[in-house]
$ cat protein26.txt   # compact mmCIF, C-alpha atoms
# COMPACT_ATOMS: atom_id res chain seq x y z
CA MET A 98 14.98 -21.39 -6.36
CA ILE A 99 12.20 -22.53 -4.07
CA ALA A 100 8.61 -22.27 -5.23
CA THR A 101 6.30 -21.84 -2.32
CA SER A 102 2.57 -21.94 -1.72
CA GLN A 103 0.06 -20.92 0.92
CA ARG A 104 -3.70 -21.39 1.30
CA PHE A 105 -5.79 -18.81 3.17
CA THR A 106 -9.35 -19.34 4.37
CA LYS A 107 -10.09 -16.54 6.82
CA LEU A 108 -10.70 -13.07 5.40
CA ASP A 109 -10.53 -11.24 8.74
CA ASN A 110 -6.87 -11.99 9.38
CA MET A 111 -5.69 -12.65 5.83
CA ILE A 112 -3.62 -9.47 5.55
CA ASP A 113 -1.79 -10.09 8.83
CA GLU A 114 -1.22 -13.71 7.82
CA LEU A 115 0.07 -12.61 4.42
CA HIS A 116 2.64 -10.18 5.80
CA SER A 117 3.80 -12.66 8.47
CA LEU A 118 4.31 -15.14 5.66
CA PHE A 119 6.37 -12.68 3.62
CA ASP A 120 8.50 -11.95 6.70
CA ARG A 121 9.09 -15.68 7.14
CA TRP A 122 9.84 -16.27 3.46
CA SER A 123 12.32 -13.40 3.50
CA SER A 124 14.14 -14.75 6.56
CA ASP A 125 14.05 -18.31 5.16
CA GLY A 126 15.77 -17.15 1.95
CA VAL A 127 12.88 -17.94 -0.39
CA PHE A 128 13.74 -14.78 -2.34
CA SER A 129 17.24 -14.84 -3.76
CA SER A 130 19.61 -11.91 -3.30
CA GLU A 131 19.41 -11.50 -7.11
CA LEU A 132 15.80 -10.39 -6.77
CA GLU A 133 16.77 -7.42 -4.55
CA GLU A 134 14.81 -6.00 -1.65
CA HIS A 135 13.07 -3.43 -3.84
CA ALA A 136 11.50 -6.10 -6.07
CA VAL A 137 10.42 -8.20 -3.07
CA ALA A 138 8.73 -5.10 -1.63
CA LEU A 139 6.95 -4.52 -4.97
CA LEU A 140 5.83 -8.15 -4.99
CA ARG A 141 4.53 -7.84 -1.43
CA LEU A 142 2.68 -4.63 -2.29
CA SER A 143 1.12 -6.22 -5.39
CA VAL A 144 -0.09 -9.27 -3.47
CA HIS A 145 -1.38 -7.03 -0.67
CA GLU A 146 -3.37 -4.90 -3.13
CA TRP A 147 -5.01 -7.94 -4.71
CA ILE A 148 -5.86 -9.61 -1.39
CA ALA A 149 -7.18 -6.27 -0.07
CA ASN A 150 -9.36 -6.08 -3.18
CA LEU A 151 -10.71 -9.58 -2.52
CA ILE A 152 -11.40 -8.82 1.14
CA GLN A 153 -13.22 -5.59 0.37
CA HIS A 154 -15.07 -6.39 -2.84
CA ALA A 155 -15.13 -10.10 -3.75
CA ASP A 156 -18.37 -12.06 -3.70
CA PHE A 157 -17.69 -15.53 -2.34
CA GLN A 158 -21.36 -16.44 -2.94
CA GLY A 159 -21.89 -17.80 0.55
CA GLN A 160 -18.99 -20.21 0.34
CA ASP A 161 -16.09 -20.33 2.78
CA PRO A 162 -13.40 -18.17 1.15
CA GLU A 163 -10.39 -19.91 -0.29
CA VAL A 164 -7.34 -18.06 -1.57
CA ILE A 165 -4.24 -19.88 -2.78
CA LEU A 166 -1.00 -17.98 -3.23
CA ASP A 167 1.91 -19.44 -5.22
CA ILE A 168 5.27 -17.70 -5.51
CA ILE A 169 7.77 -18.88 -8.11
CA PRO A 170 11.13 -17.03 -7.92
CA ASN A 171 13.34 -17.15 -11.00
CA GLY A 172 16.54 -15.17 -10.69
CA ARG A 173 15.79 -11.45 -10.97
CA THR A 174 12.12 -12.11 -11.68
CA VAL A 175 9.39 -13.62 -9.54
CA THR A 176 6.05 -14.95 -10.75
CA CYS A 177 3.01 -14.97 -8.52
CA VAL A 178 -0.28 -16.81 -8.96
CA ILE A 179 -3.29 -16.05 -6.74
CA GLN A 180 -6.37 -18.23 -7.11
CA ASP A 181 -9.67 -17.73 -5.31
CA ASN A 182 -13.18 -19.15 -5.25
CA SER A 183 -15.01 -15.83 -5.54
CA ALA A 184 -17.43 -14.94 -8.35
CA GLY A 185 -14.66 -12.91 -10.00
CA PHE A 186 -15.04 -9.66 -11.86
CA ASP A 187 -14.15 -7.96 -15.13
CA VAL A 188 -10.63 -6.79 -14.27
CA ALA A 189 -9.90 -5.31 -17.70
CA LYS A 190 -13.08 -3.20 -17.58
CA HIS A 191 -12.39 -1.97 -14.04
CA LEU A 192 -8.81 -1.13 -14.94
CA ARG A 193 -9.92 0.82 -18.00
CA ILE A 194 -12.48 2.79 -15.97
CA ARG A 195 -9.91 3.52 -13.25
CA MET A 196 -7.42 4.77 -15.82
CA GLU A 197 -9.98 6.98 -17.52
CA LYS A 198 -11.43 8.44 -14.32
CA LEU A 199 -8.32 8.86 -12.21
CA GLU A 200 -8.73 12.25 -10.57
CA ARG A 201 -6.05 14.55 -9.20
CA LEU A 202 -4.59 13.17 -5.95
CA PRO A 203 -7.18 10.38 -5.82
CA GLU A 204 -8.45 9.04 -2.54
CA ARG A 205 -9.72 5.72 -3.91
CA GLY A 206 -9.32 3.57 -6.98
CA MET A 207 -5.53 3.28 -7.13
CA GLY A 208 -5.18 -0.38 -6.06
CA LEU A 209 -5.61 -2.07 -9.44
CA LEU A 210 -3.58 0.69 -11.09
CA MET A 211 -0.71 0.16 -8.64
CA LEU A 212 -0.84 -3.59 -9.25
CA ASN A 213 -0.83 -3.00 -13.01
CA ALA A 214 2.08 -0.55 -12.78
CA ALA A 215 4.20 -2.63 -10.39
CA THR A 216 4.05 -5.81 -12.47
CA ASP A 217 5.68 -6.79 -15.76
CA TYR A 218 2.40 -8.36 -16.85
CA PHE A 219 -0.77 -9.59 -15.24
CA GLU A 220 -3.41 -11.96 -16.50
CA TYR A 221 -6.75 -12.77 -14.94
CA SER A 222 -8.81 -15.77 -15.97
CA ARG A 223 -10.98 -18.60 -14.75
CA SER A 224 -8.96 -21.77 -14.30
CA THR A 225 -10.05 -25.26 -15.28
CA SER A 226 -10.69 -26.02 -11.61
CA GLY A 227 -13.28 -23.23 -11.51
CA LEU A 228 -11.17 -20.87 -9.43
CA HIS A 229 -10.37 -17.34 -10.56
CA ARG A 230 -6.68 -16.99 -11.26
CA LEU A 231 -4.46 -13.91 -11.27
CA GLU A 232 -0.91 -14.36 -12.55
CA PHE A 233 1.72 -11.66 -12.62
CA SER A 234 5.46 -11.17 -12.45
CA VAL A 235 7.70 -8.59 -10.85
CA SER A 236 11.24 -7.88 -11.97
CA ALA A 237 14.26 -6.38 -10.24
CA ASP A 238 15.33 -4.87 -13.57
CA VAL A 239 12.57 -2.29 -13.97
CA ASP A 240 11.67 0.92 -12.18
CA PRO A 241 7.87 0.87 -12.51
CA TRP A 242 5.85 4.03 -12.44
CA LEU A 243 2.18 4.84 -11.96
CA ASN A 244 1.32 8.22 -13.43
CA ILE A 245 -0.94 9.87 -10.86
CA PRO A 246 -2.14 13.39 -11.68
CA PHE A 247 -0.89 15.82 -9.06
CA MET P 228 1.19 17.44 25.53
CA GLN P 229 0.80 14.24 23.58
CA ALA P 230 -2.42 12.69 22.40
CA THR P 231 -3.15 9.16 21.34
CA SER P 232 -5.90 8.18 18.92
CA MET P 233 -6.96 4.54 18.57
CA SER P 234 -3.91 3.66 16.54
CA PHE P 235 -2.20 6.92 15.59
CA PHE P 236 0.00 8.74 18.05
CA VAL P 237 -0.10 12.53 17.62
CA GLU P 238 2.61 14.79 18.97
CA PRO P 239 2.15 18.55 18.62
CA VAL P 240 5.27 20.46 17.60
CA ASN P 241 3.83 23.96 17.88
CA ALA P 242 0.50 25.74 17.32
CA ASP P 243 0.25 24.73 13.67
CA THR P 244 2.45 21.66 13.28
CA ALA P 245 2.10 18.09 14.53
CA VAL P 246 3.79 14.73 14.07
CA ILE P 247 1.58 11.71 13.37
CA LYS P 248 3.31 8.43 14.07
CA ILE P 249 1.90 6.05 11.50
CA GLY P 250 2.85 2.80 13.21
CA GLN P 251 3.01 -0.58 11.47
CA ALA P 252 0.43 0.03 8.76
CA LEU P 253 -1.57 2.66 6.96
CA ASP P 254 -3.89 0.68 4.73
CA PHE P 255 -7.53 -0.08 3.94
CA ARG P 256 -8.06 -1.32 7.50
CA ASN P 257 -7.23 1.93 9.30
CA SER P 258 -7.25 4.70 6.68
CA ALA P 259 -10.64 6.01 7.90
CA GLU P 260 -9.21 6.28 11.38
CA PHE P 261 -6.19 8.15 10.02
CA LYS P 262 -8.50 10.61 8.28
CA THR P 263 -10.51 11.15 11.47
CA THR P 264 -7.33 11.72 13.48
CA ALA P 265 -5.98 14.18 10.93
CA GLN P 266 -9.29 16.03 10.62
CA GLU P 267 -9.44 16.51 14.40
CA GLN P 268 -5.99 18.07 14.23
CA VAL P 269 -6.97 20.34 11.33
CA ARG P 270 -10.03 21.49 13.28
CA ALA P 271 -7.70 22.26 16.21
CA GLY P 272 -5.63 24.55 13.96
CA ILE P 273 -2.88 22.22 12.77
CA GLN P 274 -1.87 22.93 9.15
CA ASN P 275 1.49 21.17 8.86
CA PHE P 276 1.76 17.43 9.27
CA ILE P 277 4.91 15.38 9.69
CA LEU P 278 4.11 11.73 9.01
CA ASP P 279 6.56 9.48 10.83
CA PHE P 280 6.99 6.24 8.87
CA THR P 281 9.79 4.80 11.00
CA ASP P 282 7.96 1.58 11.89
CA THR P 283 5.71 1.29 8.86
CA GLY P 284 5.74 -2.02 7.04
CA ILE P 285 2.59 -1.42 4.97
CA LEU P 286 1.41 1.60 3.01
CA ASP P 287 -1.19 0.61 0.44
CA SER P 288 -3.23 2.48 -2.16
CA THR P 289 -6.03 3.28 0.30
CA GLY P 290 -3.54 4.50 2.89
CA LEU P 291 -1.86 6.70 0.31
CA GLY P 292 -5.30 7.97 -0.72
CA SER P 293 -5.97 9.09 2.84
CA VAL P 294 -2.67 11.03 2.81
CA PHE P 295 -3.72 12.65 -0.48
CA SER P 296 -7.01 13.58 1.18
CA LEU P 297 -5.15 15.28 4.03
CA TYR P 298 -2.93 17.12 1.55
CA ARG P 299 -5.98 18.37 -0.36
CA GLN P 300 -7.40 19.62 2.92
CA VAL P 301 -4.36 21.56 4.15
CA SER P 302 -2.78 22.81 0.93
CA PRO P 303 -5.41 25.56 0.41
CA LEU P 304 -4.48 26.74 3.94
CA SER P 305 -0.80 26.91 2.89
CA GLY P 306 -0.24 23.83 5.02
CA GLN P 307 2.21 21.03 4.32
CA VAL P 308 2.33 17.26 4.57
CA VAL P 309 5.85 15.87 4.77
CA PHE P 310 7.23 12.35 5.16
CA ALA P 311 9.88 11.54 7.77
CA SER P 312 12.06 8.50 8.41
CA VAL P 313 10.59 6.66 5.44
CA SER P 314 10.88 2.87 5.72
CA ARG P 315 11.70 0.66 2.72
CA PRO P 316 8.10 -0.52 2.08
CA VAL P 317 6.88 3.08 2.15
CA GLN P 318 9.73 4.22 -0.11
CA VAL P 319 8.66 1.61 -2.67
CA VAL P 320 5.17 3.15 -2.81
CA VAL P 321 6.58 6.68 -2.94
CA GLN P 322 8.85 5.66 -5.82
CA LEU P 323 6.12 3.76 -7.69
CA THR P 324 3.71 6.69 -7.50
CA ARG P 325 6.34 9.44 -7.74
CA THR P 326 4.71 11.13 -4.76
CA TYR P 327 8.08 12.53 -3.70
CA LYS P 328 7.03 15.30 -6.12
CA VAL P 329 4.24 16.24 -3.70
CA PHE P 330 5.52 15.27 -0.25
CA ARG P 331 8.93 16.48 0.89
CA GLN P 332 10.93 13.76 2.60
CA PHE P 333 13.22 14.10 5.61
CA PRO P 334 15.61 11.46 6.92
CA THR P 335 14.43 11.88 10.52
CA VAL P 336 11.52 13.36 12.42
CA ASP P 337 13.85 15.92 13.99
CA ALA P 338 15.01 17.04 10.54
CA ALA P 339 11.37 17.39 9.49
CA ARG P 340 10.60 19.49 12.60
CA GLU P 341 13.36 21.87 11.53
CA GLY P 342 12.31 21.75 7.89
CA VAL P 343 8.69 22.74 8.29
CA ARG P 344 9.34 25.77 10.52
$ encode --input "protein26.txt" --output "structure tokens"
Amino acid sequence: MIATSQRFTKLDNMIDELHSLFDRWSSDGVFSSELEEHAVALLRLSVHEWIANLIQHADFQGQDPEVILDIIPNGRTVTCVIQDNSAGFDVAKHLRIRMEKLERLPERGMGLLMLNAATDYFEYSRSTSGLHRLEFSVSADVDPWLNIPF
Amino acid sequence: MQATSMSFFVEPVNADTAVIKIGQALDFRNSAEFKTTAQEQVRAGIQNFILDFTDTGILDSTGLGSVFSLYRQVSPLSGQVVFASVSRPVQVVVQLTRTYKVFRQFPTVDAAREGVR
């Protein structure tokens, strides 16, 4: 398996850059056939949701933004690490609030919940280098489900 | 007659039904525009919406939220929102959120045109 990494520095085209990268990784065979297309799509969605969250809400405190994405495939599972130089936020608190206040057919506030549901686990911490670090994994062996009230 | 919004192509089917071609993405970058496009159609009397996801590589939580918003708007009018020609990335979101319970899916836009009559 090939571990791969990418550094992003421009918020305005980060989403386009991200999806172009996924297209290239897919055609270059970074993701094994064991992982299955469904799991790669879940991985892509999860990364998109987090980057979208950074673009919309993160406070980079006047610094040039830096986001580093690492993808580590391992058979039918893939691990992803996303580090950034923003001020960070209390993910656990936000997730709890979103879960408690999720309204019927919600218009906003599903991003973190989708990330949480799509991943086997996710951990958010401040790394020794001072960057904020999100780590999660996605598996081809689960059929994840986010319970949205209809 | 066909109408084009800034990024969403709208094709009327009849007096109360229209197809909205979603294009490459419905996400946090263009969801407000989608809502504006849909609201214009609702004001013009459209109650049934066929969302054509043929070319859609990205549907994120904000994009899905804007579809929920449209559904909440038209369902009291006995209107429908249906999904047509759902691409793999969109299907992943539909499956993750179980929204197939709310939005009927059709394999093609033509099948959806027949289905919502």
$ atom_distance --input "protein26.txt" --atom1 "atom CA of A:Ile179" --atom2 "atom CA of A:Ile148"
8.8 Å
$ closest_atom_pairs --input "protein26.txt" --of "chain P" --to "chain A" --cutoff "9 Å" --atoms "only C-alpha atoms" --output "CSV"
residue,atom,partner,partner_atom,distance
P:Phe255,CA,A:Ala149,CA,7.4
P:Gly284,CA,A:His116,CA,8.8
P:Ile285,CA,A:Leu142,CA,7.9
P:Leu286,CA,A:Leu142,CA,8.3
P:Asp287,CA,A:Glu146,CA,6.9
P:Ser288,CA,A:Gly208,CA,5.2
P:Thr289,CA,A:Arg205,CA,6.1
P:Gly290,CA,A:Glu204,CA,8.6
P:Leu291,CA,A:Glu204,CA,7.6
P:Gly292,CA,A:Glu204,CA,3.8
P:Ser293,CA,A:Glu204,CA,5.9
P:Val294,CA,A:Glu204,CA,8.1
P:Phe295,CA,A:Leu202,CA,5.6
P:Ser296,CA,A:Glu204,CA,6.0
P:Tyr298,CA,A:Leu202,CA,8.6
P:Arg299,CA,A:Leu202,CA,7.8
P:Arg315,CA,A:Ala138,CA,7.8
P:Pro316,CA,A:Ala138,CA,5.9
P:Val319,CA,A:Leu139,CA,6.8
P:Val320,CA,A:Leu139,CA,8.2
P:Gln322,CA,A:Trp242,CA,7.4
P:Leu323,CA,A:Trp242,CA,4.8
P:Thr324,CA,A:Leu243,CA,5.1
P:Arg325,CA,A:Trp242,CA,7.2
P:Thr326,CA,A:Ile245,CA,8.4
P:Lys328,CA,A:Phe247,CA,8.5
P:Val329,CA,A:Phe247,CA,7.4
$ atom_distance --input "protein26.txt" --atom1 "atom CA of P:Ala252" --atom2 "atom CA of A:Ser123"
18.7 Å
$ closest_residue --input "protein26.txt" --among "P:Gln274, P:Ser305, P:Ser258, P:Gln300" --to "P:Val246" --atoms "all atoms listed in the file"
P:Gln274
$ residues_around --input "protein26.txt" --residues "stretch 335-343 of chain P" --least-positions-apart "3" --cutoff "8 Å" --atoms "all atoms listed in the file" --output "PyMOL selection string"
chain P and resi 240+275+277+279+307+309-312+332
$ atom_distance --input "protein26.txt" --atom1 "atom CA of P:Ser302" --atom2 "atom CA of A:Arg195"
25.0 Å
$ decode --input "protein26.txt" --residues "stretch 100-170 of chain A" --atoms "C-alpha atoms" --output "PDB file, in the first residue's frame"
ATOM      1  CA  ALA A 100       0.837   6.187   1.925  1.00  0.00           C
ATOM      2  CA  THR A 101       0.414   9.566   0.386  1.00  0.00           C
ATOM      3  CA  SER A 102       0.492  13.160   1.555  1.00  0.00           C
ATOM      4  CA  GLN A 103      -0.517  16.604   0.351  1.00  0.00           C
ATOM      5  CA  ARG A 104      -0.068  20.119   1.744  1.00  0.00           C
ATOM      6  CA  PHE A 105      -2.647  22.824   1.002  1.00  0.00           C
ATOM      7  CA  THR A 106      -2.134  26.542   1.566  1.00  0.00           C
ATOM      8  CA  LYS A 107      -4.916  28.315  -0.305  1.00  0.00           C
ATOM      9  CA  LEU A 108      -8.407  28.206   1.183  1.00  0.00           C
ATOM     10  CA  ASP A 109     -10.197  29.572  -1.882  1.00  0.00           C
ATOM     11  CA  ASN A 110      -9.413  26.612  -4.125  1.00  0.00           C
ATOM     12  CA  MET A 111      -8.781  23.945  -1.496  1.00  0.00           C
ATOM     13  CA  ILE A 112     -11.944  21.964  -2.242  1.00  0.00           C
ATOM     14  CA  ASP A 113     -11.275  21.836  -5.982  1.00  0.00           C
ATOM     15  CA  GLU A 114      -7.659  20.885  -5.295  1.00  0.00           C
ATOM     16  CA  LEU A 115      -8.787  18.175  -2.881  1.00  0.00           C
ATOM     17  CA  HIS A 116     -11.177  16.516  -5.321  1.00  0.00           C
ATOM     18  CA  SER A 117      -8.664  16.709  -8.184  1.00  0.00           C
ATOM     19  CA  LEU A 118      -6.212  14.981  -5.883  1.00  0.00           C
ATOM     20  CA  PHE A 119      -8.677  12.207  -5.055  1.00  0.00           C
ATOM     21  CA  ASP A 120      -9.354  11.723  -8.769  1.00  0.00           C
ATOM     22  CA  ARG A 121      -5.615  11.412  -9.388  1.00  0.00           C
ATOM     23  CA  TRP A 122      -5.055   9.060  -6.449  1.00  0.00           C
ATOM     24  CA  SER A 123      -7.908   6.861  -7.659  1.00  0.00           C
ATOM     25  CA  SER A 124      -6.513   6.649 -11.192  1.00  0.00           C
ATOM     26  CA  ASP A 125      -2.966   6.095  -9.861  1.00  0.00           C
ATOM     27  CA  GLY A 126      -4.142   3.095  -7.811  1.00  0.00           C
ATOM     28  CA  VAL A 127      -3.405   4.595  -4.393  1.00  0.00           C
ATOM     29  CA  PHE A 128      -6.577   2.936  -3.097  1.00  0.00           C
ATOM     30  CA  SER A 129      -6.509  -0.830  -3.439  1.00  0.00           C
ATOM     31  CA  SER A 130      -9.410  -2.736  -4.969  1.00  0.00           C
ATOM     32  CA  GLU A 131      -9.864  -4.300  -1.500  1.00  0.00           C
ATOM     33  CA  LEU A 132     -10.999  -0.937  -0.166  1.00  0.00           C
ATOM     34  CA  GLU A 133     -13.940  -0.792  -2.620  1.00  0.00           C
ATOM     35  CA  GLU A 134     -15.343   2.276  -4.321  1.00  0.00           C
ATOM     36  CA  HIS A 135     -17.952   2.812  -1.608  1.00  0.00           C
ATOM     37  CA  ALA A 136     -15.317   3.198   1.122  1.00  0.00           C
ATOM     38  CA  VAL A 137     -13.199   5.536  -1.020  1.00  0.00           C
ATOM     39  CA  ALA A 138     -16.290   7.691  -1.562  1.00  0.00           C
ATOM     40  CA  LEU A 139     -16.927   7.746   2.211  1.00  0.00           C
ATOM     41  CA  LEU A 140     -13.300   8.736   2.789  1.00  0.00           C
ATOM     42  CA  ARG A 141     -13.581  11.521   0.213  1.00  0.00           C
ATOM     43  CA  LEU A 142     -16.823  12.765   1.787  1.00  0.00           C
ATOM     44  CA  SER A 143     -15.280  12.738   5.273  1.00  0.00           C
ATOM     45  CA  VAL A 144     -12.214  14.699   4.163  1.00  0.00           C
ATOM     46  CA  HIS A 145     -14.436  17.122   2.237  1.00  0.00           C
ATOM     47  CA  GLU A 146     -16.609  17.756   5.300  1.00  0.00           C
ATOM     48  CA  TRP A 147     -13.598  18.505   7.501  1.00  0.00           C
ATOM     49  CA  ILE A 148     -11.900  20.780   4.957  1.00  0.00           C
ATOM     50  CA  ALA A 149     -15.233  22.552   4.347  1.00  0.00           C
ATOM     51  CA  ASN A 150     -15.476  23.064   8.100  1.00  0.00           C
ATOM     52  CA  LEU A 151     -11.976  24.572   8.183  1.00  0.00           C
ATOM     53  CA  ILE A 152     -12.705  26.860   5.230  1.00  0.00           C
ATOM     54  CA  GLN A 153     -15.959  28.124   6.712  1.00  0.00           C
ATOM     55  CA  HIS A 154     -15.207  28.294  10.418  1.00  0.00           C
ATOM     56  CA  ALA A 155     -11.513  27.947  11.307  1.00  0.00           C
ATOM     57  CA  ASP A 156      -9.577  30.848  12.776  1.00  0.00           C
ATOM     58  CA  PHE A 157      -6.084  30.874  11.299  1.00  0.00           C
ATOM     59  CA  GLN A 158      -5.213  33.862  13.526  1.00  0.00           C
ATOM     60  CA  GLY A 159      -3.818  35.942  10.686  1.00  0.00           C
ATOM     61  CA  GLN A 160      -1.384  33.263   9.577  1.00  0.00           C
ATOM     62  CA  ASP A 161      -1.222  31.807   6.083  1.00  0.00           C
ATOM     63  CA  PRO A 162      -3.376  28.667   6.267  1.00  0.00           C
ATOM     64  CA  GLU A 163      -1.627  25.329   6.197  1.00  0.00           C
ATOM     65  CA  VAL A 164      -3.467  22.029   5.914  1.00  0.00           C
ATOM     66  CA  ILE A 165      -1.630  18.723   5.593  1.00  0.00           C
ATOM     67  CA  LEU A 166      -3.507  15.632   4.484  1.00  0.00           C
ATOM     68  CA  ASP A 167      -2.050  12.142   4.941  1.00  0.00           C
ATOM     69  CA  ILE A 168      -3.763   9.015   3.635  1.00  0.00           C
ATOM     70  CA  ILE A 169      -2.597   5.603   4.818  1.00  0.00           C
ATOM     71  CA  PRO A 170      -4.411   2.707   3.087  1.00  0.00           C
TER      72      PRO A 170
END
